[in-house]
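Working notes, beginning with the structure itself.
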Amino acid sequence: MKELQELAQSVEQGQVQKVSGLTQQLLDSGVSPQTVLNDGLIAGMTVVGEKMRSGEMYLPEVLQSASAMHGSLKILKPHLVREGAQSRGKIMVGTVKGDMHDIGKNLVSIMLQGAGFDIVDLGLNVPPQKFVEAITAHQPAILGLSAMLTTTMLNMKTTIEAINAAGLRSNVKVIIGGAPVSQKFADEIGADGYARDAVLAVDKVKQLLGVTA
Ligand code: B1M
């Protein structure tokens, strides 16, 4: 579809206003929010990633693309979230220490809210001790850790170790996600689960909490 391609290109070019406008236009014309997300926004961001790796795009441009995606996600959120539904449990999310990537984590939060879970979002660059304090304060059923760098994924291990040391590990299940991590890594660091994307994160949370529908 021409408009979806245009949306992907506008994300790539970091055109904040145009991305928001096209998002609204596509929703108004009956295109599903999932299609806008996958075939427009994520398709555009994938190209950004490829161009970043090959040196064709630099950080300021990538940040501009991220801003465009953030703006569009704000418009999509009410369409992906079930308002007024009874909570199925509290999930805490955060991007680990040293890592400034939050789009994937935000998407996971939106999808979990959409499935009826309450979200406590600690943001990005979260040190292990802050996770520990927040678990004590909020008592979530599940903690979801996100990391996008091969360097920062190691802070998932440090975070789980800090939760163990605080004697809280049996109170909370931990799932992990983000481009560099895998089920194998989750097993190695003692996480309870891994999810490749936001939809699978919802499935994993439901499975760990024994939610059937
Ligand atoms: Co950076 N960055 N970045 N970046 N960035 C990547 C990750 C990279 C793969 C690009 C590349 O080289 N091709 C590369 C990492 C290489 C590596 O470590 N192997 C990289 C690099 C190198 C860097 C810097 C080091 C660059 C530099 O400074 N020279 C720097 C690091 C800064 C830091 O964190 N300390 C940096 C900075 C940035 C920006 C700040 C400019 C910006 C982030 C803005 C923001 O998030 N607010 C940015 C961006 C945008 C990207 C790319 C292009 C896009 C990431 C994204 O948002 N994707 C990325 C390349 C790529 O991934 N294609 C790249 C869209 C999003 C929907 O997908 O985040 O994968 P994703 O999330 C998915 C899944 O991973 C999963 O579900 C999500 C939805 O389906 N998921 C979970 C994520 N978290 C989950 C948690 C779960 C479950 C599933 O459970 C809890």
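Residue numbering restarts at 1 for every chain of the structure tokens, chains are lettered A, B, ... in their displayed order, and ligands are numbered from 1 as they appear.
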Closest contacts (chain A/ligand 1, max 6 Å, only C-alpha atoms and all ligand atoms) as a Markdown table:
| residue | atom | partner | partner_atom_place_in_ligand_line | distance |
| --- | --- | --- | --- | --- |
| A:Ile42 | CA | ligand 1 | 65 (C) | 5.7 |
| A:Met45 | CA | ligand 1 | 65 (C) | 5.6 |
| A:Thr46 | CA | ligand 1 | 63 (N) | 4.4 |
| A:Val48 | CA | ligand 1 | 53 (C) | 5.0 |
| A:Gly49 | CA | ligand 1 | 60 (C) | 3.5 |
| A:Glu50 | CA | ligand 1 | 13 (N) | 5.3 |
| A:Met52 | CA | ligand 1 | 11 (C) | 5.2 |
| A:Arg53 | CA | ligand 1 | 12 (O) | 3.9 |
| A:Leu59 | CA | ligand 1 | 41 (C) | 4.8 |
| A:Val62 | CA | ligand 1 | 41 (C) | 4.9 |
| A:Leu63 | CA | ligand 1 | 41 (C) | 4.4 |
| A:Ala66 | CA | ligand 1 | 44 (C) | 5.1 |
| A:Gly98 | CA | ligand 1 | 35 (N) | 5.1 |
| A:Asp99 | CA | ligand 1 | 34 (O) | 3.5 |
| A:Met100 | CA | ligand 1 | 34 (O) | 3.6 |
| A:His101 | CA | ligand 1 | 46 (O) | 3.2 |
| A:Asp102 | CA | ligand 1 | 46 (O) | 3.9 |
| A:Ile103 | CA | ligand 1 | 46 (O) | 4.5 |
| A:Gly104 | CA | ligand 1 | 72 (O) | 3.2 |
| A:Lys105 | CA | ligand 1 | 84 (N) | 4.5 |
| A:Leu107 | CA | ligand 1 | 79 (C) | 5.7 |
| A:Gly144 | CA | ligand 1 | 91 (C) | 3.4 |
| A:Leu145 | CA | ligand 1 | 91 (C) | 4.4 |
| A:Ser146 | CA | ligand 1 | 84 (N) | 4.2 |
| A:Met148 | CA | ligand 1 | 7 (C) | 4.7 |
| A:Leu149 | CA | ligand 1 | 18 (O) | 3.4 |
| A:Thr150 | CA | ligand 1 | 18 (O) | 4.1 |
| A:Ile175 | CA | ligand 1 | 91 (C) | 5.3 |
| A:Ile176 | CA | ligand 1 | 90 (O) | 4.4 |
| A:Gly177 | CA | ligand 1 | 87 (C) | 3.5 |
| A:Gly178 | CA | ligand 1 | 75 (O) | 3.4 |
| A:Ala179 | CA | ligand 1 | 75 (O) | 4.2 |
| A:Ala195 | CA | ligand 1 | 88 (C) | 4.6 |
| A:Arg196 | CA | ligand 1 | 89 (C) | 5.2 |
| A:Asp197 | CA | ligand 1 | 77 (O) | 3.4 |
| A:Ala198 | CA | ligand 1 | 77 (O) | 4.3 |
| A:Ala201 | CA | ligand 1 | 88 (C) | 4.9 |
Find the nearest atom pair between each residue of stretch 74-108 of chain A and stretch 25-29 of chain A for residues within 12 Å, count only C-alpha atoms, give distances in Å to one decimal, sort rows by chain and ascending number, and present the table as a tab-separated table.
residue	atom	partner	partner_atom	distance
A:Ile75	CA	A:Leu27	CA	9.4
A:Leu76	CA	A:Leu27	CA	8.5
A:Lys77	CA	A:Leu27	CA	11.8
A:Pro78	CA	A:Leu27	CA	11.5
A:His79	CA	A:Leu27	CA	9.0
A:Leu80	CA	A:Leu27	CA	11.7
Practice item. Would you mind writing down, as a ChimeraX atom specification, each residue of stretch 22-174 of chain A that DSSP on the backbone assigns to strand (DSSP E)? Key: /A:90-95,118-121,142-146,173-174
Take the residues that were just selected and, keeping N, CA and C atoms, output them as a PDB file, in the first residue's frame.
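Saved the output as again_9.pdb:
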ATOM      1  N   LYS A  90       0.217  -6.666  37.722  1.00  0.00           N
ATOM      2  CA  LYS A  90       1.131  -5.526  37.549  1.00  0.00           C
ATOM      3  C   LYS A  90       2.462  -5.995  36.953  1.00  0.00           C
ATOM      4  N   ILE A  91       2.870  -5.326  35.885  1.00  0.00           N
ATOM      5  CA  ILE A  91       4.139  -5.655  35.233  1.00  0.00           C
ATOM      6  C   ILE A  91       5.030  -4.414  35.286  1.00  0.00           C
ATOM      7  N   MET A  92       6.284  -4.627  35.709  1.00  0.00           N
ATOM      8  CA  MET A  92       7.240  -3.512  35.728  1.00  0.00           C
ATOM      9  C   MET A  92       8.187  -3.679  34.544  1.00  0.00           C
ATOM     10  N   VAL A  93       8.471  -2.582  33.850  1.00  0.00           N
ATOM     11  CA  VAL A  93       9.397  -2.665  32.719  1.00  0.00           C
ATOM     12  C   VAL A  93      10.477  -1.589  32.835  1.00  0.00           C
ATOM     13  N   GLY A  94      11.615  -1.857  32.202  1.00  0.00           N
ATOM     14  CA  GLY A  94      12.677  -0.858  32.165  1.00  0.00           C
ATOM     15  C   GLY A  94      13.777  -1.307  31.220  1.00  0.00           C
ATOM     16  N   THR A  95      14.482  -0.324  30.660  1.00  0.00           N
ATOM     17  CA  THR A  95      15.676  -0.608  29.852  1.00  0.00           C
ATOM     18  C   THR A  95      16.872  -0.538  30.800  1.00  0.00           C
ATOM     19  N   ASP A 118      -1.471  -3.850  34.187  1.00  0.00           N
ATOM     20  CA  ASP A 118      -1.033  -2.531  34.663  1.00  0.00           C
ATOM     21  C   ASP A 118       0.479  -2.440  34.479  1.00  0.00           C
ATOM     22  N   ILE A 119       0.953  -1.284  34.046  1.00  0.00           N
ATOM     23  CA  ILE A 119       2.386  -1.142  33.774  1.00  0.00           C
ATOM     24  C   ILE A 119       3.018  -0.110  34.710  1.00  0.00           C
ATOM     25  N   VAL A 120       4.157  -0.492  35.289  1.00  0.00           N
ATOM     26  CA  VAL A 120       5.012   0.477  35.979  1.00  0.00           C
ATOM     27  C   VAL A 120       6.266   0.577  35.114  1.00  0.00           C
ATOM     28  N   ASP A 121       6.453   1.734  34.484  1.00  0.00           N
ATOM     29  CA  ASP A 121       7.571   1.894  33.543  1.00  0.00           C
ATOM     30  C   ASP A 121       8.680   2.721  34.193  1.00  0.00           C
ATOM     31  N   ILE A 142       5.659  -9.456  37.489  1.00  0.00           N
ATOM     32  CA  ILE A 142       6.710  -9.732  36.503  1.00  0.00           C
ATOM     33  C   ILE A 142       7.522  -8.466  36.252  1.00  0.00           C
ATOM     34  N   LEU A 143       8.841  -8.664  36.085  1.00  0.00           N
ATOM     35  CA  LEU A 143       9.722  -7.571  35.681  1.00  0.00           C
ATOM     36  C   LEU A 143      10.188  -7.863  34.253  1.00  0.00           C
ATOM     37  N   GLY A 144      10.018  -6.903  33.356  1.00  0.00           N
ATOM     38  CA  GLY A 144      10.474  -7.057  31.971  1.00  0.00           C
ATOM     39  C   GLY A 144      11.670  -6.162  31.711  1.00  0.00           C
ATOM     40  N   LEU A 145      12.806  -6.786  31.371  1.00  0.00           N
ATOM     41  CA  LEU A 145      14.030  -6.021  31.109  1.00  0.00           C
ATOM     42  C   LEU A 145      14.294  -5.951  29.615  1.00  0.00           C
ATOM     43  N   SER A 146      14.651  -4.749  29.150  1.00  0.00           N
ATOM     44  CA  SER A 146      14.966  -4.568  27.736  1.00  0.00           C
ATOM     45  C   SER A 146      16.406  -4.103  27.582  1.00  0.00           C
ATOM     46  N   LYS A 173       8.846 -12.681  38.773  1.00  0.00           N
ATOM     47  CA  LYS A 173       9.416 -13.404  37.633  1.00  0.00           C
ATOM     48  C   LYS A 173      10.048 -12.369  36.702  1.00  0.00           C
ATOM     49  N   VAL A 174      11.125 -12.782  36.016  1.00  0.00           N
ATOM     50  CA  VAL A 174      11.838 -11.836  35.153  1.00  0.00           C
ATOM     51  C   VAL A 174      11.822 -12.328  33.714  1.00  0.00           C
TER      52      VAL A 174
END
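Take the candidates A:Lys97, A:His70, A:Lys184, A:Arg169 and check each one against A:Leu122 using only C-alpha atoms; the shortest distance goes to A:Lys97.
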Practice item. Pick out the closest residue to A:Phe131 from this set: A:Met156, A:Met57, A:Leu208, A:Val199. Count only C-alpha atoms. Key: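 With only C-alpha atoms as the atom set, the closest residue is A:Met156.
When only C-alpha atoms are used to measure the gap to A:Ala141, the shortest distance among A:Gly89, A:Gly210, A:Gly193, A:Gly40 belongs to A:Gly89.
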Exercise for review: Write out as JSON, numbers by chain all residues of stretch 151-204 of chain A that DSSP puts in alpha helix (DSSP H) for this structure's backbone.
Suggested key: {"A": [154, 155, 156, 157, 158, 159, 160, 161, 162, 163, 164, 165, 183, 184, 185, 186, 187, 188, 189, 198, 199, 200, 201, 202, 203, 204]}
Expected file contents, prior selection, N, CA, C and O atoms, as a tab-separated table (two decimals), in the first residue's frame:
chain	number	residue	atom	x	y	z
A	154	LEU	N	24.59	-7.34	29.25
A	154	LEU	CA	25.23	-7.92	30.43
A	154	LEU	C	24.65	-7.33	31.72
A	154	LEU	O	24.69	-7.96	32.78
A	155	ASN	N	24.09	-6.13	31.63
A	155	ASN	CA	23.47	-5.52	32.82
A	155	ASN	C	22.14	-6.17	33.19
A	155	ASN	O	21.61	-5.91	34.28
A	156	MET	N	21.63	-7.02	32.31
A	156	MET	CA	20.45	-7.81	32.70
A	156	MET	C	20.87	-8.81	33.78
A	156	MET	O	20.16	-9.03	34.75
A	157	LYS	N	22.04	-9.39	33.56
A	157	LYS	CA	22.58	-10.36	34.53
A	157	LYS	C	22.82	-9.65	35.87
A	157	LYS	O	22.41	-10.14	36.93
A	158	THR	N	23.45	-8.47	35.80
A	158	THR	CA	23.75	-7.71	37.02
A	158	THR	C	22.46	-7.37	37.76
A	158	THR	O	22.41	-7.39	38.99
A	159	THR	N	21.42	-7.04	36.98
A	159	THR	CA	20.14	-6.68	37.60
A	159	THR	C	19.54	-7.88	38.32
A	159	THR	O	19.08	-7.78	39.48
A	160	ILE	N	19.56	-9.04	37.66
A	160	ILE	CA	19.01	-10.25	38.30
A	160	ILE	C	19.82	-10.59	39.55
A	160	ILE	O	19.25	-10.97	40.59
A	161	GLU	N	21.13	-10.42	39.47
A	161	GLU	CA	21.98	-10.70	40.65
A	161	GLU	C	21.61	-9.76	41.81
A	161	GLU	O	21.55	-10.19	42.97
A	162	ALA	N	21.34	-8.49	41.49
A	162	ALA	CA	20.98	-7.52	42.56
A	162	ALA	C	19.63	-7.90	43.18
A	162	ALA	O	19.44	-7.76	44.40
A	163	ILE	N	18.71	-8.38	42.34
A	163	ILE	CA	17.39	-8.79	42.86
A	163	ILE	C	17.55	-10.01	43.77
A	163	ILE	O	16.94	-10.10	44.83
A	164	ASN	N	18.41	-10.93	43.34
A	164	ASN	CA	18.74	-12.11	44.17
A	164	ASN	C	19.32	-11.69	45.51
A	164	ASN	O	18.88	-12.15	46.57
A	165	ALA	N	20.31	-10.79	45.44
A	165	ALA	CA	21.03	-10.36	46.66
A	165	ALA	C	20.08	-9.66	47.63
A	165	ALA	O	20.27	-9.74	48.85
A	183	GLN	N	16.77	-16.82	23.95
A	183	GLN	CA	16.35	-17.76	24.99
A	183	GLN	C	17.58	-18.34	25.71
A	183	GLN	O	17.59	-18.50	26.92
A	184	LYS	N	18.63	-18.61	24.91
A	184	LYS	CA	19.85	-19.18	25.48
A	184	LYS	C	20.44	-18.22	26.53
A	184	LYS	O	20.80	-18.64	27.63
A	185	PHE	N	20.48	-16.92	26.18
A	185	PHE	CA	21.02	-15.93	27.12
A	185	PHE	C	20.12	-15.84	28.37
A	185	PHE	O	20.62	-15.74	29.49
A	186	ALA	N	18.81	-15.90	28.14
A	186	ALA	CA	17.87	-15.85	29.28
A	186	ALA	C	18.16	-17.01	30.23
A	186	ALA	O	18.19	-16.82	31.46
A	187	ASP	N	18.38	-18.19	29.67
A	187	ASP	CA	18.69	-19.36	30.51
A	187	ASP	C	20.00	-19.16	31.27
A	187	ASP	O	20.10	-19.46	32.46
A	188	GLU	N	20.99	-18.62	30.56
A	188	GLU	CA	22.31	-18.43	31.18
A	188	GLU	C	22.28	-17.48	32.38
A	188	GLU	O	22.99	-17.67	33.35
A	189	ILE	N	21.44	-16.43	32.28
A	189	ILE	CA	21.45	-15.43	33.37
A	189	ILE	C	20.35	-15.68	34.40
A	189	ILE	O	20.18	-14.90	35.33
A	198	ALA	N	7.06	-7.75	20.88
A	198	ALA	CA	6.08	-7.28	21.86
A	198	ALA	C	4.86	-8.22	21.97
A	198	ALA	O	4.33	-8.41	23.06
A	199	VAL	N	4.48	-8.81	20.85
A	199	VAL	CA	3.33	-9.72	20.88
A	199	VAL	C	3.69	-10.98	21.68
A	199	VAL	O	2.92	-11.45	22.53
A	200	LEU	N	4.90	-11.49	21.42
A	200	LEU	CA	5.34	-12.69	22.15
A	200	LEU	C	5.59	-12.39	23.63
A	200	LEU	O	5.46	-13.27	24.48
A	201	ALA	N	5.91	-11.12	23.94
A	201	ALA	CA	6.08	-10.73	25.35
A	201	ALA	C	4.75	-10.88	26.09
A	201	ALA	O	4.71	-11.35	27.24
A	202	VAL	N	3.66	-10.50	25.43
A	202	VAL	CA	2.34	-10.66	26.05
A	202	VAL	C	2.05	-12.15	26.28
A	202	VAL	O	1.61	-12.55	27.37
A	203	ASP	N	2.35	-12.98	25.28
A	203	ASP	CA	2.13	-14.43	25.43
A	203	ASP	C	2.94	-14.99	26.59
A	203	ASP	O	2.46	-15.80	27.38
A	204	LYS	N	4.20	-14.54	26.69
A	204	LYS	CA	5.09	-15.06	27.75
A	204	LYS	C	4.58	-14.66	29.13
A	204	LYS	O	4.55	-15.48	30.06
Check your understanding: Closest to A:Val108 among A:Val205, A:Ser65, A:Val211, A:Gly190, using only C-alpha atoms?
Key ->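 Closest residue, counting only C-alpha atoms: A:Val205.
Atom pair atom CA of A:Val19 / atom CA of A:Met69 has a distance of 7.5 Å (rounded to one decimal).
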Check your understanding: Out of A:Gln5, A:Thr212, A:Ser109, A:Asn171, which residue has the shortest atom-to-atom distance to A:Gln139 when counting only C-alpha atoms?
Key -> A:Asn171
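Taking atom CA of A:Gln9 as the reference point, atom CA of A:Lys74 is found at 19.0 Å.
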Practice item. Can you work out the spacing between atom CA of A:Glu12 and atom CA of A:Gln34 in Å, to one decimal? Key: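 A separation of 18.8 Å between them.
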